[in-house]
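Chemist: A single structure is presented below for examination.
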Amino acid sequence: MSRKIVVTGIGATTPLGGDAQSTWQALLAGESGISTLDKPWIEKYEVPVTFAGQAKVPASEILTPQEAKRLDPSSQFALIAAREAWADAGKPDVAPERLAVEFATGIGGVWTLLDAFDTLKERGPRRVLPMTVPMLMPNGPAAAIGMDIAARGGVRTAVSACASSTEAIANALDRLLSGSVDVVVAGGCEAAIHPLPISAFAAMHALSKKNDSPAQASRPYDVNRDGFVMGEGGAALVLETEEHAIARGAKIYAELVGGAVTSDAHHITAPDPEGTGAARAVLAALKQANASIEDVVHINAHATSTPVGDIAEYTALKRVFGEQLKNIIVSATKASTGHLLGGAGAVEAIFTVLALQNRLAPPTINLDNQDPEIPLDVATSPRELPDGPILAISNSFGFGGHNAVVVFRSYEG
Amino acid sequence: MALSQSEVLAGLAEIVNDETGIAADAVALEKSFVDDLDIDSISMMTIVVNAEDKFGVKIPDEEVKNLITVGDAVDFIVGAQG
């Protein structure tokens, strides 16, 4: 008997909202979470990019000061999103040994690391806080969640840059299908709106420099796109076997039917212009879903708004879907959220799940003049998806040549 | 000017509250950091460093293990002040 895996809880804290539903509503309303940064370090270091997508609700408004003190901002977002997802799933009664966490980050505790180095330089080694190591380690967010929900079935962290949290969801699917656990909290987070990562991404010309129009800066597929916009936050999904979910009477959002990871081995940052690695990931995920290309009605694209990346993804999709691509409604939601790096895939997985559940593809804002080289059917306002069993995919690609794809199916019971 | 025992206790209670959330009035002289206040070694080291800053004293690492109760720490700080 083939085992079905379902989504029973969602949680998010993003530039659009402090929880999953308010994020979704802001997305449908066509809002932008991007604004000018009001930080002294912008001027102090003459940071070349002066805007980003900051979390709409600061973590300090949710966590106690003592919780926040022991967690890097990335872990704070992770814990907030995971607690929401866990509560949304009805706090499943599951044996701790049958509960796992797959929670990703692209960069890890970069604020903690750099703050600690400042302390070392200014005040000496004795003033470096003893919590520095557990706060900066990339598995910190996953470990914090694992302790919070008493997950003893394994706590792991995928680190594959901007593909990280989609890879984490694919890993969760593997674990659930293997039968080794019944429930997994999966997702990802990032908190890298710090002068160093901004300067570093700007140095590689990856970031938009539209300092005068931050809300219009993230514009996937538009002819005037000039780079991605950094965002911060986290998102989590509670995934479990259908059997387990039904036995406890859980509400079910959608079915997770496929997840695949491939690698380009082409260039450390540039995507393979032929898109073969990305195409292989989509095909492998569809194969696992036992689906054909005609079943796919919606794609939440990676689409970061970089000149090269958006075209490379289109090329990969064209390879996979051919003429069928014109029948698929595409959403590029980073236009509203910015790019949450290691948290992006999890946010977009939630959007994909909600799109299926609500039969509604979310809008892509800022698409004023669509690049003629990317003739996709892009939703610029919320678009209805068809009735009956439908399939949607979410793509994530990362520096290092990482490609990760997950496939969800509408849940028909 | 050196601070009195009660002034050091009040200051230390503030540091403990800030680090752990334990109510300042629960930080009494006879309380053990580990057994009564449930303070772990990582929080203890942070409290020590913050106390050094606040009271302008040096608390050597080898001394920390002897500071079992809040009173032990207060006495040490009072004695170490210039």
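Chain labels follow the order of the structure tokens: the first chain is A, the next B, and so on; residue numbering restarts at 1 in every chain, and ligands are counted from 1 in their shown order.
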Could the residues of chain A that have an atom at most 7 Å from chain B be listed as JSON lines, each with its closest atom pair and the distance in Å to one decimal, counting only C-alpha atoms and ordered by chain and ascending residue number?
Modeler:
```
{"residue": "A:Gln66", "atom": "CA", "partner": "B:Thr20", "partner_atom": "CA", "distance": 5.8}
{"residue": "A:Arg127", "atom": "CA", "partner": "B:Val49", "partner_atom": "CA", "distance": 6.6}
{"residue": "A:Leu129", "atom": "CA", "partner": "B:Thr46", "partner_atom": "CA", "distance": 6.4}
{"residue": "A:Pro130", "atom": "CA", "partner": "B:Ile42", "partner_atom": "CA", "distance": 5.8}
{"residue": "A:Met131", "atom": "CA", "partner": "B:Ile42", "partner_atom": "CA", "distance": 6.6}
```
Chemist: Using N, CA and C atoms, can you write the selected residues to a file as a PDB file, in the first residue's frame?
Modeler:
```pdb
ATOM      1  N   GLN A  66      13.590  36.469  27.590  1.00  0.00           N
ATOM      2  CA  GLN A  66      14.542  35.399  27.903  1.00  0.00           C
ATOM      3  C   GLN A  66      14.662  34.412  26.747  1.00  0.00           C
ATOM      4  N   ARG A 127      34.215  38.636  27.288  1.00  0.00           N
ATOM      5  CA  ARG A 127      32.881  39.207  27.128  1.00  0.00           C
ATOM      6  C   ARG A 127      32.083  38.506  26.010  1.00  0.00           C
ATOM      7  N   LEU A 129      29.738  35.978  24.706  1.00  0.00           N
ATOM      8  CA  LEU A 129      28.729  35.229  25.464  1.00  0.00           C
ATOM      9  C   LEU A 129      28.874  33.716  25.287  1.00  0.00           C
ATOM     10  N   PRO A 130      28.672  32.960  26.389  1.00  0.00           N
ATOM     11  CA  PRO A 130      28.775  31.500  26.275  1.00  0.00           C
ATOM     12  C   PRO A 130      27.707  30.892  25.350  1.00  0.00           C
ATOM     13  N   MET A 131      26.626  31.602  25.065  1.00  0.00           N
ATOM     14  CA  MET A 131      25.589  31.065  24.171  1.00  0.00           C
ATOM     15  C   MET A 131      25.938  31.275  22.690  1.00  0.00           C
TER      16      MET A 131
END
```
Chemist: Excluding same-chain residues fewer than 3 positions from Ala379 (chain A), what lies within 7 Å of it counting only C-alpha atoms, as a list of chain:residue names?
Modeler: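 My list of contacting residues is A:Ile329, A:Val330, A:Ser331, A:Ala361, A:Pro362, A:Pro363, A:Thr364, A:Pro382, A:Arg383.
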Chemist: Which value, in Å to one decimal, gives the distance between CA of Val6 (chain A) and CA of Glu294 (chain A)?
Modeler: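 One can read the CA of Val6 (chain A) to CA of Glu294 (chain A) distance as 22.1 Å.
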Chemist: Could you pull out the residues in chain B that DSSP calls alpha helix (DSSP H) from the backbone, as a PyMOL selection string?
Modeler: chain B and resi 5-20+41-55+61-64+70-80
Chemist: For Val27 (chain B), please output as a PyMOL selection string all residues within 7 Å (counting only C-alpha atoms; exclusion window: fewer than 3 positions along the same chain).
Modeler: chain B and resi 13+24+31
Chemist: Would you pick out the contacts of Ala95 (chain A) at 12 Å or less, using only C-alpha atoms, so that residues sharing its chain but fewer than 3 positions from it are not included, and give the list as a short mmCIF file (atom, residue, chain, number, x, y, z; two decimals) with C-alpha atoms, in the first residue's frame?
Modeler:
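Once written, out36.cif looks like this:
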```
data_model
loop_
_atom_site.label_atom_id
_atom_site.label_comp_id
_atom_site.auth_asym_id
_atom_site.auth_seq_id
_atom_site.Cartn_x
_atom_site.Cartn_y
_atom_site.Cartn_z
CA LYS A 91 -0.73 19.98 18.56
CA PRO A 92 -0.69 16.38 17.33
CA ARG A 98 7.93 9.31 15.86
CA LEU A 99 8.23 13.09 15.51
CA ALA A 100 11.03 14.75 13.52
CA ILE A 149 7.79 20.26 20.65
CA ALA A 150 9.87 17.39 22.09
CA ALA A 151 10.81 15.87 18.73
CA ARG A 152 13.07 12.85 19.35
CA GLY A 153 12.82 11.22 15.92
CA SER A 180 10.46 5.91 10.33
CA VAL A 181 8.32 8.78 11.68
CA ASP A 182 4.64 9.79 11.62
CA VAL A 183 4.90 13.59 11.84
CA VAL A 184 7.55 16.08 10.68
CA HIS A 244 -2.05 9.42 11.35
#
```
Chemist: Set the distance at 12 Å and use only C-alpha atoms: which residues neighbour Leu3 (chain B) once local chain neighbours fewer than 5 positions away are removed? I'd like the list as a list in words.
Modeler: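 The residues that qualify are Val8, Leu9, Ala10, Gly11, Leu12, Lys54, Phe55, Gly56, Val57, Val74, Asp75, Ile77, Val78, Gly79, Ala80, Gln81 and Gly82 of chain B.
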Chemist: Would you output that residue set with N, CA, C and O atoms, as a PDB file, in the first residue's frame?
Modeler:
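Output contents, as saved in selection.pdb:
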```
ATOM      1  N   VAL B   8      24.405  45.378  46.561  1.00  0.00           N
ATOM      2  CA  VAL B   8      24.943  44.362  45.633  1.00  0.00           C
ATOM      3  C   VAL B   8      23.865  43.318  45.342  1.00  0.00           C
ATOM      4  O   VAL B   8      23.667  42.907  44.187  1.00  0.00           O
ATOM      5  N   LEU B   9      23.124  42.909  46.374  1.00  0.00           N
ATOM      6  CA  LEU B   9      22.054  41.924  46.174  1.00  0.00           C
ATOM      7  C   LEU B   9      21.025  42.449  45.173  1.00  0.00           C
ATOM      8  O   LEU B   9      20.611  41.745  44.256  1.00  0.00           O
ATOM      9  N   ALA B  10      20.633  43.705  45.337  1.00  0.00           N
ATOM     10  CA  ALA B  10      19.632  44.290  44.425  1.00  0.00           C
ATOM     11  C   ALA B  10      20.157  44.318  42.996  1.00  0.00           C
ATOM     12  O   ALA B  10      19.442  43.978  42.041  1.00  0.00           O
ATOM     13  N   GLY B  11      21.431  44.705  42.853  1.00  0.00           N
ATOM     14  CA  GLY B  11      22.022  44.767  41.506  1.00  0.00           C
ATOM     15  C   GLY B  11      22.137  43.392  40.883  1.00  0.00           C
ATOM     16  O   GLY B  11      21.859  43.201  39.687  1.00  0.00           O
ATOM     17  N   LEU B  12      22.528  42.407  41.697  1.00  0.00           N
ATOM     18  CA  LEU B  12      22.686  41.042  41.195  1.00  0.00           C
ATOM     19  C   LEU B  12      21.320  40.457  40.811  1.00  0.00           C
ATOM     20  O   LEU B  12      21.182  39.785  39.784  1.00  0.00           O
ATOM     21  N   LYS B  54      29.063  45.310  35.991  1.00  0.00           N
ATOM     22  CA  LYS B  54      28.213  46.189  36.804  1.00  0.00           C
ATOM     23  C   LYS B  54      28.936  46.673  38.062  1.00  0.00           C
ATOM     24  O   LYS B  54      28.827  47.840  38.445  1.00  0.00           O
ATOM     25  N   PHE B  55      29.690  45.736  38.695  1.00  0.00           N
ATOM     26  CA  PHE B  55      30.293  46.083  39.982  1.00  0.00           C
ATOM     27  C   PHE B  55      31.775  46.416  39.876  1.00  0.00           C
ATOM     28  O   PHE B  55      32.416  46.713  40.884  1.00  0.00           O
ATOM     29  N   GLY B  56      32.321  46.339  38.669  1.00  0.00           N
ATOM     30  CA  GLY B  56      33.726  46.683  38.485  1.00  0.00           C
ATOM     31  C   GLY B  56      34.667  45.765  39.237  1.00  0.00           C
ATOM     32  O   GLY B  56      35.678  46.202  39.796  1.00  0.00           O
ATOM     33  N   VAL B  57      34.326  44.461  39.288  1.00  0.00           N
ATOM     34  CA  VAL B  57      35.190  43.497  39.986  1.00  0.00           C
ATOM     35  C   VAL B  57      35.606  42.401  39.005  1.00  0.00           C
ATOM     36  O   VAL B  57      35.069  42.309  37.912  1.00  0.00           O
ATOM     37  N   VAL B  74      27.199  37.476  46.516  1.00  0.00           N
ATOM     38  CA  VAL B  74      27.136  38.839  47.068  1.00  0.00           C
ATOM     39  C   VAL B  74      28.357  39.099  47.969  1.00  0.00           C
ATOM     40  O   VAL B  74      29.017  40.136  47.843  1.00  0.00           O
ATOM     41  N   ASP B  75      28.672  38.120  48.818  1.00  0.00           N
ATOM     42  CA  ASP B  75      29.829  38.291  49.715  1.00  0.00           C
ATOM     43  C   ASP B  75      31.126  38.454  48.921  1.00  0.00           C
ATOM     44  O   ASP B  75      31.973  39.287  49.252  1.00  0.00           O
ATOM     45  N   ILE B  77      31.497  39.585  45.869  1.00  0.00           N
ATOM     46  CA  ILE B  77      31.525  40.881  45.174  1.00  0.00           C
ATOM     47  C   ILE B  77      31.804  42.018  46.168  1.00  0.00           C
ATOM     48  O   ILE B  77      32.636  42.900  45.906  1.00  0.00           O
ATOM     49  N   VAL B  78      31.142  41.956  47.338  1.00  0.00           N
ATOM     50  CA  VAL B  78      31.367  42.993  48.347  1.00  0.00           C
ATOM     51  C   VAL B  78      32.854  43.021  48.741  1.00  0.00           C
ATOM     52  O   VAL B  78      33.481  44.092  48.798  1.00  0.00           O
ATOM     53  N   GLY B  79      33.425  41.803  48.933  1.00  0.00           N
ATOM     54  CA  GLY B  79      34.819  41.715  49.346  1.00  0.00           C
ATOM     55  C   GLY B  79      35.798  42.148  48.259  1.00  0.00           C
ATOM     56  O   GLY B  79      36.894  42.655  48.540  1.00  0.00           O
ATOM     57  N   ALA B  80      35.396  41.945  47.001  1.00  0.00           N
ATOM     58  CA  ALA B  80      36.308  42.222  45.888  1.00  0.00           C
ATOM     59  C   ALA B  80      36.299  43.693  45.488  1.00  0.00           C
ATOM     60  O   ALA B  80      37.144  44.131  44.709  1.00  0.00           O
ATOM     61  N   GLN B  81      35.309  44.441  45.972  1.00  0.00           N
ATOM     62  CA  GLN B  81      35.271  45.868  45.599  1.00  0.00           C
ATOM     63  C   GLN B  81      36.457  46.599  46.231  1.00  0.00           C
ATOM     64  O   GLN B  81      36.799  46.345  47.376  1.00  0.00           O
ATOM     65  N   GLY B  82      37.010  47.506  45.491  1.00  0.00           N
ATOM     66  CA  GLY B  82      38.207  48.236  45.834  1.00  0.00           C
ATOM     67  C   GLY B  82      38.308  48.840  47.194  1.00  0.00           C
ATOM     68  O   GLY B  82      38.131  48.475  48.274  1.00  0.00           O
TER      69      GLY B  82
END
```
Chemist: Name the residues in contact with Thr262 (chain A) at a cut-off of 7 Å, using only C-alpha atoms, excluding same-chain residues fewer than 4 positions from it; report them as an mmCIF file with all heavy atoms, in the first residue's frame.
Modeler:
```cif
data_model
loop_
_atom_site.group_PDB
_atom_site.id
_atom_site.type_symbol
_atom_site.label_atom_id
_atom_site.label_comp_id
_atom_site.auth_asym_id
_atom_site.auth_seq_id
_atom_site.Cartn_x
_atom_site.Cartn_y
_atom_site.Cartn_z
ATOM 1 N N GLY A 277 19.509 20.745 -14.994
ATOM 2 C CA GLY A 277 19.440 20.277 -13.604
ATOM 3 C C GLY A 277 18.096 20.598 -12.975
ATOM 4 O O GLY A 277 17.482 19.762 -12.300
ATOM 5 N N ARG A 280 15.454 18.365 -14.467
ATOM 6 C CA ARG A 280 15.503 17.002 -13.891
ATOM 7 C C ARG A 280 14.808 16.959 -12.532
ATOM 8 O O ARG A 280 14.153 15.969 -12.184
ATOM 9 C CB ARG A 280 16.950 16.523 -13.767
ATOM 10 C CG ARG A 280 17.539 15.983 -15.070
ATOM 11 C CD ARG A 280 18.897 15.321 -14.867
ATOM 12 N NE ARG A 280 19.896 16.258 -14.373
ATOM 13 C CZ ARG A 280 20.484 16.182 -13.185
ATOM 14 N NH1 ARG A 280 20.218 15.177 -12.371
ATOM 15 N NH2 ARG A 280 21.368 17.083 -12.817
ATOM 16 N N ALA A 281 14.964 18.031 -11.756
ATOM 17 C CA ALA A 281 14.323 18.068 -10.436
ATOM 18 C C ALA A 281 12.800 18.074 -10.587
ATOM 19 O O ALA A 281 12.094 17.360 -9.870
ATOM 20 C CB ALA A 281 14.802 19.288 -9.650
ATOM 21 N N HIS A 402 22.151 24.152 -6.600
ATOM 22 C CA HIS A 402 21.124 23.311 -5.961
ATOM 23 C C HIS A 402 19.758 23.541 -6.608
ATOM 24 O O HIS A 402 19.337 24.694 -6.762
ATOM 25 C CB HIS A 402 21.003 23.654 -4.474
ATOM 26 C CG HIS A 402 22.293 23.584 -3.719
ATOM 27 N ND1 HIS A 402 22.822 22.402 -3.268
ATOM 28 C CD2 HIS A 402 23.171 24.550 -3.358
ATOM 29 C CE1 HIS A 402 23.965 22.647 -2.637
ATOM 30 N NE2 HIS A 402 24.203 23.940 -2.685
ATOM 31 N N ASN A 403 19.072 22.467 -6.933
ATOM 32 C CA ASN A 403 17.712 22.560 -7.455
ATOM 33 C C ASN A 403 16.818 21.703 -6.575
ATOM 34 O O ASN A 403 17.105 20.528 -6.359
ATOM 35 C CB ASN A 403 17.644 22.027 -8.891
ATOM 36 C CG ASN A 403 18.716 22.635 -9.778
ATOM 37 O OD1 ASN A 403 18.746 23.839 -9.987
ATOM 38 N ND2 ASN A 403 19.626 21.800 -10.270
ATOM 39 N N ALA A 404 15.725 22.285 -6.096
ATOM 40 C CA ALA A 404 14.794 21.517 -5.267
ATOM 41 C C ALA A 404 13.372 21.848 -5.700
ATOM 42 O O ALA A 404 13.046 23.014 -5.966
ATOM 43 C CB ALA A 404 14.990 21.845 -3.787
#
```
Chemist: Just the residues within 8 Å of region 67-72 of chain B, please, counting only C-alpha atoms, with nothing from its chain fewer than 4 positions along; format it as a VMD selection string.
Modeler: chain B and resid 9 27 to 34 63 76
Chemist: Which of these residues is nearest to Ile39 (chain B), using only C-alpha atoms: B:Ala73, B:Val16, B:Val64, B:Ile59?
Modeler: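 That would be B:Val16, the residue with the smallest distance to Ile39 (chain B).
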